[in-house]
$ cat start-v1.txt   # compact mmCIF, C-alpha atoms
# COMPACT_ATOMS: atom_id res chain seq x y z
CA MET B 1 -45.92 -29.26 -2.12
CA ILE B 2 -46.44 -32.84 -3.33
CA MET B 3 -49.05 -34.70 -1.34
CA ASN B 4 -47.46 -37.93 -0.10
CA HIS B 5 -50.63 -39.94 -0.60
CA ILE B 6 -50.37 -39.59 -4.41
CA LEU B 7 -47.40 -42.02 -4.56
CA TYR B 8 -48.89 -45.38 -3.67
CA ARG B 9 -46.97 -48.37 -2.40
CA SER B 10 -49.86 -50.79 -1.96
CA PHE B 11 -53.00 -51.74 -3.84
CA SER B 12 -55.18 -51.25 -0.79
CA SER B 13 -54.20 -47.58 -0.61
CA LEU B 14 -55.21 -46.83 -4.21
CA PRO B 15 -58.40 -44.76 -4.29
CA ARG B 16 -59.33 -46.15 -7.72
CA ARG B 17 -59.47 -49.55 -9.36
CA SER B 18 -60.22 -48.23 -12.84
CA TYR B 19 -58.35 -45.70 -14.99
CA ASP B 20 -58.75 -44.07 -18.36
CA VAL B 21 -55.05 -44.64 -19.01
CA ILE B 22 -52.54 -46.99 -17.43
CA ILE B 23 -48.89 -46.45 -18.32
CA GLY B 24 -46.55 -49.38 -17.87
CA GLY B 25 -43.21 -47.75 -17.08
CA GLY B 26 -42.31 -44.70 -14.99
CA GLY B 27 -39.23 -43.57 -16.90
CA VAL B 28 -39.11 -40.34 -18.84
CA MET B 29 -41.37 -41.59 -21.67
CA GLY B 30 -44.05 -42.74 -19.25
CA CYS B 31 -43.89 -39.59 -17.12
CA SER B 32 -43.88 -37.28 -20.15
CA SER B 33 -46.92 -39.07 -21.56
CA ALA B 34 -48.67 -38.72 -18.20
CA TYR B 35 -47.83 -35.02 -18.05
CA PHE B 36 -49.34 -34.19 -21.42
CA LEU B 37 -52.37 -36.40 -20.79
CA SER B 38 -52.90 -34.62 -17.47
CA GLN B 39 -53.19 -31.29 -19.31
CA ARG B 40 -56.35 -32.56 -21.00
CA ILE B 41 -58.01 -35.12 -18.73
CA SER B 42 -58.37 -35.44 -14.98
CA PRO B 43 -54.92 -36.44 -13.66
CA ASN B 44 -56.40 -38.94 -11.20
CA LYS B 45 -57.66 -40.96 -14.16
CA ILE B 46 -54.05 -41.71 -15.12
CA CYS B 47 -51.94 -44.34 -13.38
CA ILE B 48 -48.25 -45.17 -13.87
CA ILE B 49 -46.90 -48.56 -12.83
CA GLU B 50 -43.13 -48.59 -12.22
CA ARG B 51 -41.26 -51.68 -11.03
CA ASP B 52 -37.92 -50.07 -10.03
CA HIS B 53 -38.66 -47.55 -7.31
CA SER B 54 -34.93 -46.75 -6.99
CA TYR B 55 -34.48 -46.21 -10.76
CA THR B 56 -31.01 -47.74 -10.41
CA LYS B 57 -31.36 -49.63 -13.71
CA SER B 58 -33.48 -47.04 -15.47
CA SER B 59 -32.40 -46.29 -19.04
CA THR B 60 -33.44 -42.69 -18.43
CA VAL B 61 -31.18 -42.13 -15.43
CA LEU B 62 -28.24 -44.02 -16.96
CA SER B 63 -28.29 -42.11 -20.25
CA VAL B 64 -25.88 -39.26 -21.04
CA GLY B 65 -28.78 -36.84 -21.44
CA SER B 66 -27.97 -35.16 -24.75
CA ILE B 67 -30.15 -33.51 -27.38
CA ARG B 68 -29.55 -32.80 -31.07
CA GLN B 69 -31.38 -32.10 -34.29
CA GLN B 70 -28.72 -33.69 -36.48
CA PHE B 71 -30.68 -36.72 -37.67
CA SER B 72 -31.23 -38.21 -41.10
CA LEU B 73 -35.04 -38.35 -40.87
CA GLU B 74 -37.35 -35.33 -40.82
CA GLU B 75 -39.52 -36.86 -38.09
CA ASN B 76 -36.57 -37.23 -35.73
CA ILE B 77 -35.34 -33.70 -36.45
CA LEU B 78 -38.78 -32.27 -35.64
CA LEU B 79 -39.26 -34.40 -32.52
CA SER B 80 -35.96 -33.17 -31.12
CA LEU B 81 -36.45 -29.58 -32.29
CA HIS B 82 -39.81 -29.36 -30.55
CA SER B 83 -38.38 -31.11 -27.48
CA SER B 84 -35.48 -28.65 -27.32
CA ARG B 85 -37.92 -25.79 -26.84
CA PHE B 86 -39.50 -27.65 -23.94
CA ILE B 87 -36.11 -28.44 -22.38
CA LYS B 88 -34.81 -24.88 -22.73
CA ASN B 89 -37.99 -23.56 -21.06
CA VAL B 90 -38.54 -26.49 -18.73
CA LYS B 91 -39.10 -24.29 -15.68
CA ASP B 92 -42.20 -22.85 -17.34
CA TYR B 93 -43.73 -26.30 -17.71
CA LEU B 94 -42.58 -28.42 -14.79
CA SER B 95 -42.00 -26.02 -11.90
CA ILE B 96 -44.35 -26.40 -8.93
CA GLU B 97 -45.91 -23.37 -7.30
CA GLY B 98 -44.22 -22.52 -4.02
CA GLU B 99 -41.04 -24.45 -4.86
CA GLU B 100 -37.73 -23.56 -6.50
CA PRO B 101 -37.96 -23.33 -10.32
CA VAL B 102 -36.90 -26.49 -12.14
CA ASP B 103 -33.32 -26.51 -13.40
CA ILE B 104 -32.09 -29.54 -15.37
CA GLN B 105 -28.66 -27.97 -15.96
CA PHE B 106 -28.99 -27.67 -19.71
CA VAL B 107 -25.71 -26.80 -21.45
CA GLU B 108 -26.17 -25.59 -25.02
CA GLY B 109 -22.83 -27.02 -26.12
CA GLY B 110 -23.78 -28.32 -29.56
CA TYR B 111 -23.06 -31.52 -31.46
CA LEU B 112 -20.19 -31.85 -33.91
CA PHE B 113 -20.47 -34.62 -36.52
CA LEU B 114 -17.33 -35.28 -38.57
CA ALA B 115 -17.01 -36.92 -41.98
CA THR B 116 -14.27 -38.41 -44.10
CA GLU B 117 -14.48 -38.38 -47.88
CA LYS B 118 -16.58 -41.53 -47.69
CA GLY B 119 -19.25 -39.81 -45.60
CA GLU B 120 -19.14 -36.32 -47.08
CA GLU B 121 -22.08 -36.63 -49.47
CA VAL B 122 -24.33 -38.16 -46.82
CA LEU B 123 -23.41 -35.44 -44.31
CA ARG B 124 -24.20 -32.72 -46.86
CA LYS B 125 -27.57 -34.27 -47.67
CA LYS B 126 -28.47 -34.55 -43.99
CA HIS B 127 -27.35 -30.97 -43.40
CA SER B 128 -29.61 -29.74 -46.22
CA LEU B 129 -32.61 -31.56 -44.74
CA GLN B 130 -31.85 -30.34 -41.22
CA LYS B 131 -31.63 -26.71 -42.39
CA ARG B 132 -34.85 -27.02 -44.38
CA VAL B 133 -36.74 -28.37 -41.37
CA GLY B 134 -35.47 -25.59 -39.10
CA ALA B 135 -32.36 -26.89 -37.34
CA LYS B 136 -29.56 -24.39 -36.75
CA VAL B 137 -26.47 -26.17 -38.04
CA GLU B 138 -23.45 -25.10 -40.04
CA LEU B 139 -20.88 -26.93 -42.16
CA LEU B 140 -17.18 -26.50 -41.41
CA THR B 141 -14.20 -27.23 -43.66
CA PRO B 142 -11.06 -28.84 -42.21
CA LEU B 143 -9.43 -25.38 -41.97
CA GLN B 144 -12.45 -24.01 -40.11
CA LEU B 145 -12.49 -27.06 -37.84
CA LYS B 146 -8.82 -26.58 -37.00
CA LYS B 147 -9.33 -22.90 -36.26
CA GLN B 148 -12.32 -23.45 -34.00
CA PHE B 149 -11.02 -26.65 -32.39
CA PRO B 150 -7.20 -26.42 -32.50
CA TRP B 151 -6.84 -29.51 -30.32
CA MET B 152 -8.30 -31.70 -33.07
CA ASN B 153 -6.31 -33.78 -35.54
CA THR B 154 -8.13 -33.12 -38.82
CA ASP B 155 -6.20 -35.69 -40.88
CA GLY B 156 -8.61 -37.60 -43.11
CA LEU B 157 -11.52 -35.24 -42.42
CA VAL B 158 -13.25 -33.34 -45.22
CA LEU B 159 -16.26 -31.85 -43.42
CA GLY B 160 -17.87 -31.17 -40.06
CA SER B 161 -21.43 -30.29 -39.09
CA LEU B 162 -21.87 -28.22 -35.92
CA GLY B 163 -25.13 -27.52 -34.14
CA ILE B 164 -25.08 -23.86 -33.09
CA SER B 165 -28.39 -23.72 -31.23
CA ASN B 166 -30.82 -26.05 -29.42
CA GLU B 167 -28.23 -28.83 -29.06
CA GLY B 168 -26.33 -29.86 -25.95
CA TRP B 169 -26.84 -31.87 -22.80
CA PHE B 170 -28.63 -31.88 -19.45
CA ASP B 171 -28.98 -33.99 -16.32
CA PRO B 172 -31.34 -36.88 -17.20
CA TYR B 173 -32.19 -37.60 -13.56
CA LEU B 174 -33.23 -33.99 -13.01
CA LEU B 175 -35.51 -34.11 -16.06
CA LEU B 176 -37.12 -37.37 -14.93
CA ASN B 177 -37.51 -36.09 -11.39
CA ALA B 178 -39.06 -32.84 -12.61
CA PHE B 179 -41.61 -34.71 -14.72
CA LYS B 180 -42.37 -37.11 -11.88
CA ARG B 181 -42.76 -34.44 -9.21
CA LYS B 182 -44.95 -32.35 -11.50
CA ILE B 183 -47.37 -35.11 -12.42
CA LEU B 184 -47.64 -36.26 -8.81
CA SER B 185 -48.37 -32.70 -7.72
CA LEU B 186 -51.15 -32.56 -10.33
CA GLY B 187 -52.72 -35.76 -9.03
CA VAL B 188 -51.52 -38.51 -11.38
CA HIS B 189 -51.37 -41.83 -9.54
CA MET B 190 -48.15 -43.84 -9.45
CA ILE B 191 -47.71 -47.23 -7.88
CA TYR B 192 -44.59 -49.34 -7.54
CA GLY B 193 -45.12 -52.81 -8.93
CA GLU B 194 -44.51 -54.99 -11.98
CA VAL B 195 -46.94 -55.65 -14.80
CA LYS B 196 -47.37 -59.42 -14.98
CA GLY B 197 -50.33 -59.80 -17.30
CA LEU B 198 -52.67 -57.97 -19.67
CA ASN B 199 -56.24 -59.20 -19.89
CA ILE B 200 -57.90 -58.91 -23.29
CA LYS B 201 -61.57 -58.96 -24.22
CA ASP B 202 -62.89 -58.30 -27.73
CA GLU B 203 -59.40 -57.34 -28.95
CA GLN B 204 -59.08 -54.68 -26.25
CA ILE B 205 -56.99 -54.57 -23.10
CA ASN B 206 -59.47 -54.19 -20.30
CA SER B 207 -57.30 -54.81 -17.24
CA VAL B 208 -53.74 -55.11 -16.03
CA GLN B 209 -52.35 -57.61 -13.53
CA VAL B 210 -49.79 -56.09 -11.19
CA VAL B 211 -47.47 -57.66 -8.63
CA ASN B 212 -45.51 -55.90 -5.92
CA SER B 213 -43.64 -57.20 -2.89
CA SER B 214 -46.76 -58.22 -1.01
CA GLU B 215 -49.76 -58.19 -3.35
CA ILE B 216 -51.20 -59.35 -6.65
CA PHE B 217 -53.97 -57.13 -7.95
CA THR B 218 -55.86 -56.07 -11.07
CA LEU B 219 -56.58 -52.59 -12.43
CA SER B 220 -58.95 -51.93 -15.32
CA CYS B 221 -58.25 -49.39 -18.05
CA ASP B 222 -59.46 -47.91 -21.32
CA HIS B 223 -55.96 -47.49 -22.77
CA TYR B 224 -52.61 -49.10 -22.00
CA ILE B 225 -49.33 -47.34 -22.90
CA ASN B 226 -46.29 -49.56 -23.19
CA ALA B 227 -43.42 -47.46 -21.83
CA ALA B 228 -41.34 -50.39 -20.58
CA GLY B 229 -38.12 -49.30 -22.27
CA PRO B 230 -35.70 -52.12 -23.10
CA HIS B 231 -38.15 -54.74 -21.80
CA ALA B 232 -41.11 -53.53 -23.88
CA ALA B 233 -41.21 -56.67 -26.05
CA ASP B 234 -41.94 -58.81 -22.97
CA VAL B 235 -44.94 -56.61 -22.13
CA ALA B 236 -46.17 -56.64 -25.73
CA LEU B 237 -46.12 -60.44 -25.67
CA MET B 238 -48.45 -60.33 -22.65
CA ALA B 239 -50.97 -58.76 -25.05
CA GLY B 240 -50.36 -61.55 -27.56
CA ILE B 241 -48.21 -59.33 -29.80
CA GLY B 242 -45.67 -61.73 -31.24
CA SER B 243 -47.73 -64.85 -30.53
CA LYS B 244 -48.01 -67.28 -33.45
CA GLU B 245 -51.23 -68.74 -32.04
CA HIS B 246 -53.47 -65.78 -32.83
CA PRO B 247 -55.70 -66.17 -35.93
CA ASP B 248 -54.81 -62.69 -37.18
CA PRO B 249 -51.32 -62.78 -38.80
CA ARG B 250 -50.69 -59.18 -37.77
CA MET B 251 -50.45 -60.46 -34.20
CA HIS B 252 -47.64 -62.84 -35.16
CA VAL B 253 -45.20 -59.94 -35.57
CA GLU B 254 -43.24 -59.25 -32.41
CA LEU B 255 -42.11 -55.90 -31.09
CA PRO B 256 -38.47 -55.77 -32.27
CA VAL B 257 -37.03 -54.04 -29.20
CA ARG B 258 -34.11 -55.53 -27.25
CA PRO B 259 -31.96 -54.38 -24.32
CA LYS B 260 -28.52 -53.41 -25.64
CA LYS B 261 -25.83 -52.44 -23.16
CA ARG B 262 -23.84 -49.24 -23.65
CA TYR B 263 -20.82 -48.15 -21.62
CA VAL B 264 -20.05 -44.57 -20.53
CA PHE B 265 -16.50 -43.79 -19.39
CA VAL B 266 -15.60 -40.75 -17.29
CA LEU B 267 -12.13 -39.47 -18.15
CA HIS B 268 -9.73 -37.15 -16.36
CA CYS B 269 -7.20 -35.46 -18.62
CA PRO B 270 -5.42 -32.34 -17.27
CA GLY B 271 -3.83 -31.79 -20.69
CA GLY B 272 -7.12 -32.03 -22.55
CA PRO B 273 -8.96 -29.24 -24.36
CA SER B 274 -9.43 -26.38 -21.93
CA GLU B 275 -12.52 -24.89 -23.58
CA ASN B 276 -15.86 -26.67 -23.73
CA VAL B 277 -15.85 -29.67 -26.05
CA PRO B 278 -19.12 -30.13 -27.95
CA MET B 279 -20.73 -33.54 -28.20
CA PHE B 280 -18.04 -34.73 -30.61
CA ILE B 281 -18.99 -37.59 -32.96
CA ASP B 282 -16.04 -39.11 -34.79
CA PRO B 283 -16.47 -40.98 -38.11
CA SER B 284 -15.09 -44.07 -36.37
CA GLY B 285 -18.09 -44.07 -34.04
CA PHE B 286 -16.83 -42.84 -30.68
CA TYR B 287 -18.25 -39.77 -28.95
CA ILE B 288 -16.77 -37.49 -26.31
CA ARG B 289 -17.85 -34.29 -24.60
CA SER B 290 -16.67 -32.12 -21.72
CA GLU B 291 -18.28 -32.16 -18.29
CA THR B 292 -18.75 -29.29 -15.87
CA GLN B 293 -15.80 -30.40 -13.70
CA ARG B 294 -12.44 -29.13 -14.92
CA ASP B 295 -10.42 -31.56 -17.08
CA THR B 296 -13.30 -34.08 -17.03
CA TYR B 297 -14.95 -35.69 -20.05
CA ILE B 298 -17.34 -38.53 -20.83
CA CYS B 299 -17.09 -40.82 -23.82
CA GLY B 300 -18.53 -43.99 -25.29
CA MET B 301 -19.09 -45.93 -28.49
CA SER B 302 -21.61 -48.42 -29.84
CA PRO B 303 -20.04 -51.81 -30.54
CA PRO B 304 -20.24 -53.54 -33.91
CA GLU B 305 -23.34 -55.69 -34.38
CA GLU B 306 -21.45 -58.96 -33.93
CA LEU B 307 -20.32 -57.78 -30.47
CA ASP B 308 -23.70 -56.40 -29.39
CA PRO B 309 -25.80 -59.20 -27.90
CA ASP B 310 -28.97 -58.70 -25.88
CA SER B 311 -27.96 -58.09 -22.29
CA ASP B 312 -29.48 -58.31 -18.83
CA ASP B 313 -26.53 -57.06 -16.75
CA LEU B 314 -24.89 -53.67 -16.32
CA GLU B 315 -21.30 -54.80 -15.79
CA VAL B 316 -18.67 -52.62 -17.48
CA ASP B 317 -15.94 -54.14 -19.64
CA TYR B 318 -12.98 -51.76 -19.32
CA SER B 319 -11.13 -53.51 -22.12
CA PHE B 320 -13.71 -52.02 -24.50
CA PHE B 321 -12.31 -48.58 -23.73
CA ASP B 322 -8.65 -49.68 -23.74
CA GLU B 323 -8.81 -51.64 -26.97
CA ARG B 324 -11.53 -49.96 -29.04
CA ILE B 325 -12.10 -46.37 -27.92
CA TRP B 326 -8.78 -45.08 -26.61
CA PRO B 327 -6.68 -45.64 -29.76
CA LEU B 328 -9.27 -43.82 -31.89
CA LEU B 329 -9.69 -41.06 -29.32
CA ALA B 330 -5.94 -40.43 -28.97
CA ASN B 331 -5.55 -40.32 -32.74
CA ARG B 332 -8.25 -37.70 -33.21
CA ILE B 333 -7.42 -35.65 -30.09
CA PRO B 334 -3.73 -36.25 -29.29
CA ALA B 335 -4.03 -34.71 -25.81
CA PHE B 336 -5.93 -37.84 -24.79
CA GLU B 337 -2.86 -40.02 -25.21
CA ALA B 338 -2.44 -39.50 -21.46
CA LEU B 339 -5.58 -39.81 -19.36
CA LYS B 340 -7.18 -41.67 -16.48
CA VAL B 341 -10.52 -43.45 -16.48
CA ARG B 342 -12.00 -42.18 -13.23
CA THR B 343 -15.22 -44.17 -13.28
CA SER B 344 -17.79 -45.64 -15.62
CA TRP B 345 -21.30 -46.96 -15.84
CA ALA B 346 -23.51 -48.92 -18.21
CA GLY B 347 -27.10 -48.48 -19.27
CA PHE B 348 -29.54 -50.08 -21.67
CA TYR B 349 -30.67 -48.76 -25.03
CA ASP B 350 -34.23 -49.84 -25.85
CA TYR B 351 -32.84 -50.85 -29.21
CA ASN B 352 -35.09 -51.31 -32.22
CA ILE B 353 -33.33 -54.09 -34.13
CA PHE B 354 -35.61 -53.51 -37.14
CA ASP B 355 -34.62 -49.95 -38.13
CA GLN B 356 -33.18 -48.23 -35.04
CA ASN B 357 -36.13 -45.89 -34.83
CA GLY B 358 -38.92 -45.10 -32.41
CA ILE B 359 -42.21 -46.99 -32.59
CA ILE B 360 -45.12 -44.73 -31.67
CA GLY B 361 -48.79 -45.57 -32.07
CA ALA B 362 -51.55 -48.08 -31.44
CA HIS B 363 -51.41 -51.71 -32.47
CA PRO B 364 -53.68 -52.30 -35.50
CA VAL B 365 -55.46 -55.22 -33.78
CA ILE B 366 -55.25 -54.40 -30.05
CA LYS B 367 -56.13 -50.79 -30.71
CA ASN B 368 -55.99 -49.53 -27.13
CA PHE B 369 -52.42 -50.81 -26.74
CA VAL B 370 -50.10 -47.88 -27.50
CA PHE B 371 -46.40 -48.28 -28.26
CA VAL B 372 -43.78 -45.74 -27.18
CA ASN B 373 -40.72 -47.90 -27.69
CA GLY B 374 -37.48 -48.59 -29.50
CA PHE B 375 -35.83 -45.17 -29.65
CA SER B 376 -32.38 -46.76 -29.74
CA GLY B 377 -30.56 -44.17 -27.64
CA HIS B 378 -32.33 -40.94 -28.60
CA GLY B 379 -35.44 -41.37 -26.50
CA ILE B 380 -34.69 -39.04 -23.60
CA GLN B 381 -34.03 -36.08 -25.88
CA GLN B 382 -37.32 -36.62 -27.72
CA SER B 383 -39.36 -37.49 -24.65
CA PRO B 384 -41.15 -34.14 -24.22
CA GLU B 385 -42.57 -34.09 -27.73
CA VAL B 386 -43.17 -37.84 -27.79
CA GLY B 387 -45.24 -37.44 -24.63
CA ARG B 388 -47.37 -34.84 -26.41
CA VAL B 389 -47.78 -37.15 -29.44
CA VAL B 390 -48.84 -40.05 -27.21
CA SER B 391 -51.46 -37.89 -25.51
CA GLU B 392 -52.86 -36.97 -28.93
CA LEU B 393 -52.89 -40.62 -30.02
CA VAL B 394 -54.90 -41.57 -26.95
CA LEU B 395 -57.30 -38.62 -26.89
CA ASP B 396 -57.60 -37.65 -30.57
CA GLY B 397 -56.98 -40.98 -32.27
CA SER B 398 -53.89 -39.77 -34.14
CA PRO B 399 -51.07 -37.22 -33.74
CA VAL B 400 -52.09 -33.62 -34.30
CA THR B 401 -48.91 -31.60 -33.72
CA LEU B 402 -46.63 -33.82 -35.83
CA LYS B 403 -47.52 -36.41 -38.44
CA LEU B 404 -45.66 -39.59 -37.55
CA LYS B 405 -47.40 -42.27 -39.58
CA GLU B 406 -44.05 -43.71 -40.64
CA PHE B 407 -43.24 -44.41 -36.98
CA GLY B 408 -46.22 -46.70 -36.47
CA PHE B 409 -46.10 -50.44 -35.80
CA GLU B 410 -47.60 -51.06 -39.24
CA ARG B 411 -44.17 -50.60 -40.81
CA ILE B 412 -42.91 -53.56 -38.78
CA ILE B 413 -45.80 -55.71 -39.99
CA GLU B 414 -45.28 -54.62 -43.60
CA ASN B 415 -41.48 -54.99 -43.34
CA LYS B 416 -40.91 -51.39 -44.48
CA LYS B 417 -37.87 -50.02 -42.73
CA HIS B 418 -37.70 -46.32 -41.90
CA LEU B 419 -34.00 -46.17 -41.14
CA GLU B 420 -32.36 -43.54 -38.99
CA LEU B 421 -28.72 -43.30 -40.03
CA ASN B 422 -27.45 -41.05 -37.23
CA ILE B 423 -27.37 -43.49 -34.32
CA VAL B 424 -24.71 -42.68 -31.75

$ encode --input "start-v1.txt" --output "structure tokens"
Amino acid sequence: MIMNHILYRSFSSLPRRSYDVIIGGGGVMGCSSAYFLSQRISPNKICIIERDHSYTKSSTVLSVGSIRQQFSLEENILLSLHSSRFIKNVKDYLSIEGEEPVDIQFVEGGYLFLATEKGEEVLRKKHSLQKRVGAKVELLTPLQLKKQFPWMNTDGLVLGSLGISNEGWFDPYLLLNAFKRKILSLGVHMIYGEVKGLNIKDEQINSVQVVNSSEIFTLSCDHYINAAGPHAADVALMAGIGSKEHPDPRMHVELPVRPKKRYVFVLHCPGGPSENVPMFIDPSGFYIRSETQRDTYICGMSPPEELDPDSDDLEVDYSFFDERIWPLLANRIPAFEALKVRTSWAGFYDYNIFDQNGIIGAHPVIKNFVFVNGFSGHGIQQSPEVGRVVSELVLDGSPVTLKLKEFGFERIIENKKHLELNIV
């Protein structure tokens, strides 16, 4: 059983004022990092600070909780491949003795990426890389697509790429809750509050200023992990990252992460495909997949850049579905000409406006400030392996399991983009 005193709601109840590692952000990235750190150091030397105790605006909880290996970069393929093994065997890692085994309702339904003639060469190149790295994917011709998915209109398509193992979806809340319950049971400290300042001495973060509903207090630390999701750039600025006043020009470069709103629409379509629909990615940009409830599907689409401002609200614009998604959806899957939007929600991507890729590693000047930011929509699926990488960065000085030098903040400073092309 989890001891209630491990989840702290006030500074006065904290048994420590100093930690080896403080993690700013209690979403899945922060909790995964804490879990892997707790396998190697005393859990009570780790503290997570989370401002939203309800998680109602958490990017983790509001995601669609999918996982794939169909990326354009080897690093992303490996991060998700390693994470898939964790997710498929999650009960072995996150179950608590004496309680029911963890079940995050993983459905190994696969991803299906489609290509027109324009995108055929790129899809083939990505498929070759994915196979070489170890992903289980297969290419399908239009005839094979039609045979396997007879409900699909294949007009204009020349190729499909289907994940046949280690791809699918799960309940993101259940994964977050499993991580959180596990680390609390181990003895990791978590306190609800908001990071309001980072104190720096000799180019090191030595303490963190925290505010909650009734207190302002300071905790000292040896390492600070920025797991603040879409608001990570605000926290980085507290450390002077992005400030033009610092004498070192490397500190002038800001963390290029912004909150970008994404809609998810829940559809009811009794005439829709009766068998399970994979995570279906159309060349036009929309995605759709089946849900566990009969005749129920979820779908969404990233807007064009000119219609994608930074956002601080989670209001849903239903005209986006009516005008942009539905016509494309009904053309590709004619059964969806008649449907009902049952409900919807919106969540934030922690969107890396530089190259749409994760930023993992220490800052080259403030070397005990560790980034785990900017995953641009594929963070939750990579969170288990990213948590392991972060623990190695903190305790070993660099990643051991995977080499992720290209994901460091240095590429932002040097203006060297490491573009991920498969952003959904």

$ closest_residue --input "start-v1.txt" --among "B:Gly347, B:Pro384, B:Gly397, B:Pro278" --to "Ile87 of chain B" --atoms "all atoms listed in the file"
B:Pro384

$ closest_residue --input "start-v1.txt" --among "B:Val28, B:Ala236, B:Leu37, B:Leu339" --to "Ser391 of chain B" --atoms "all atoms listed in the file"
B:Leu37

$ residues_near_point --input "start-v1.txt" --point "(-46.1, -56.6, -16.6)" --cutoff "12 Å" --atoms "all atoms listed in the file" --output "PDB file with C-alpha atoms, keeping the file's coordinate frame"
ATOM      1  CA  ILE B  22     -52.540 -46.990 -17.430  1.00  0.00           C
ATOM      2  CA  ILE B  23     -48.890 -46.450 -18.320  1.00  0.00           C
ATOM      3  CA  GLY B  24     -46.550 -49.380 -17.870  1.00  0.00           C
ATOM      4  CA  GLY B  25     -43.210 -47.750 -17.080  1.00  0.00           C
ATOM      5  CA  ILE B  48     -48.250 -45.170 -13.870  1.00  0.00           C
ATOM      6  CA  ILE B  49     -46.900 -48.560 -12.830  1.00  0.00           C
ATOM      7  CA  GLU B  50     -43.130 -48.590 -12.220  1.00  0.00           C
ATOM      8  CA  ARG B  51     -41.260 -51.680 -11.030  1.00  0.00           C
ATOM      9  CA  TYR B 192     -44.590 -49.340  -7.540  1.00  0.00           C
ATOM     10  CA  GLY B 193     -45.120 -52.810  -8.930  1.00  0.00           C
ATOM     11  CA  GLU B 194     -44.510 -54.990 -11.980  1.00  0.00           C
ATOM     12  CA  VAL B 195     -46.940 -55.650 -14.800  1.00  0.00           C
ATOM     13  CA  LYS B 196     -47.370 -59.420 -14.980  1.00  0.00           C
ATOM     14  CA  GLY B 197     -50.330 -59.800 -17.300  1.00  0.00           C
ATOM     15  CA  LEU B 198     -52.670 -57.970 -19.670  1.00  0.00           C
ATOM     16  CA  ASN B 199     -56.240 -59.200 -19.890  1.00  0.00           C
ATOM     17  CA  SER B 207     -57.300 -54.810 -17.240  1.00  0.00           C
ATOM     18  CA  VAL B 208     -53.740 -55.110 -16.030  1.00  0.00           C
ATOM     19  CA  GLN B 209     -52.350 -57.610 -13.530  1.00  0.00           C
ATOM     20  CA  VAL B 210     -49.790 -56.090 -11.190  1.00  0.00           C
ATOM     21  CA  VAL B 211     -47.470 -57.660  -8.630  1.00  0.00           C
ATOM     22  CA  ASN B 212     -45.510 -55.900  -5.920  1.00  0.00           C
ATOM     23  CA  ILE B 216     -51.200 -59.350  -6.650  1.00  0.00           C
ATOM     24  CA  PHE B 217     -53.970 -57.130  -7.950  1.00  0.00           C
ATOM     25  CA  THR B 218     -55.860 -56.070 -11.070  1.00  0.00           C
ATOM     26  CA  LEU B 219     -56.580 -52.590 -12.430  1.00  0.00           C
ATOM     27  CA  TYR B 224     -52.610 -49.100 -22.000  1.00  0.00           C
ATOM     28  CA  ILE B 225     -49.330 -47.340 -22.900  1.00  0.00           C
ATOM     29  CA  ASN B 226     -46.290 -49.560 -23.190  1.00  0.00           C
ATOM     30  CA  ALA B 227     -43.420 -47.460 -21.830  1.00  0.00           C
ATOM     31  CA  ALA B 228     -41.340 -50.390 -20.580  1.00  0.00           C
ATOM     32  CA  HIS B 231     -38.150 -54.740 -21.800  1.00  0.00           C
ATOM     33  CA  ALA B 232     -41.110 -53.530 -23.880  1.00  0.00           C
ATOM     34  CA  ALA B 233     -41.210 -56.670 -26.050  1.00  0.00           C
ATOM     35  CA  ASP B 234     -41.940 -58.810 -22.970  1.00  0.00           C
ATOM     36  CA  VAL B 235     -44.940 -56.610 -22.130  1.00  0.00           C
ATOM     37  CA  ALA B 236     -46.170 -56.640 -25.730  1.00  0.00           C
ATOM     38  CA  LEU B 237     -46.120 -60.440 -25.670  1.00  0.00           C
ATOM     39  CA  MET B 238     -48.450 -60.330 -22.650  1.00  0.00           C
ATOM     40  CA  ALA B 239     -50.970 -58.760 -25.050  1.00  0.00           C
TER      41      ALA B 239
END

$ closest_residue --input "start-v1.txt" --among "B:Glu275, B:Ile281, B:Ser185, B:Pro230" --to "Leu162 of chain B" --atoms "only C-alpha atoms"
B:Ile281

$ closest_residue --input "start-v1.txt" --among "B:Pro259, B:Gly65, B:Gly242, B:Gly187" --to "Trp169 of chain B" --atoms "all atoms listed in the file"
B:Gly65

$ closest_residue --input "start-v1.txt" --among "B:Arg16, B:His53, B:His378, B:Lys403" --to "Ser213 of chain B" --atoms "all atoms listed in the file"
B:His53

$ residues_around --input "start-v1.txt" --residues "Gln144 of chain B" --least-positions-apart "2" --cutoff "12 Å" --atoms "only C-alpha atoms" --output "list of chain:residue names"
B:Glu138, B:Leu139, B:Leu140, B:Thr141, B:Pro142, B:Lys146, B:Lys147, B:Gln148, B:Phe149, B:Pro150, B:Met152, B:Thr154, B:Leu157, B:Val158, B:Leu159, B:Gly160, B:Ser161, B:Leu162

$ atom_distance --input "start-v1.txt" --atom1 "atom CA of Pro249 of chain B" --atom2 "atom CA of Glu410 of chain B"
12.3 Å

$ closest_residue --input "start-v1.txt" --among "B:Thr60, B:Gln356, B:Gln293, B:Ser32" --to "Lys417 of chain B" --atoms "all atoms listed in the file"
B:Gln356

$ residues_around --input "start-v1.txt" --residues "segment 13-15 of chain B" --least-positions-apart "2" --cutoff "12 Å" --atoms "all atoms listed in the file" --output "PyMOL selection string"
chain B and resi 4-11+17-19+44-45+47+187-192+215+217-219
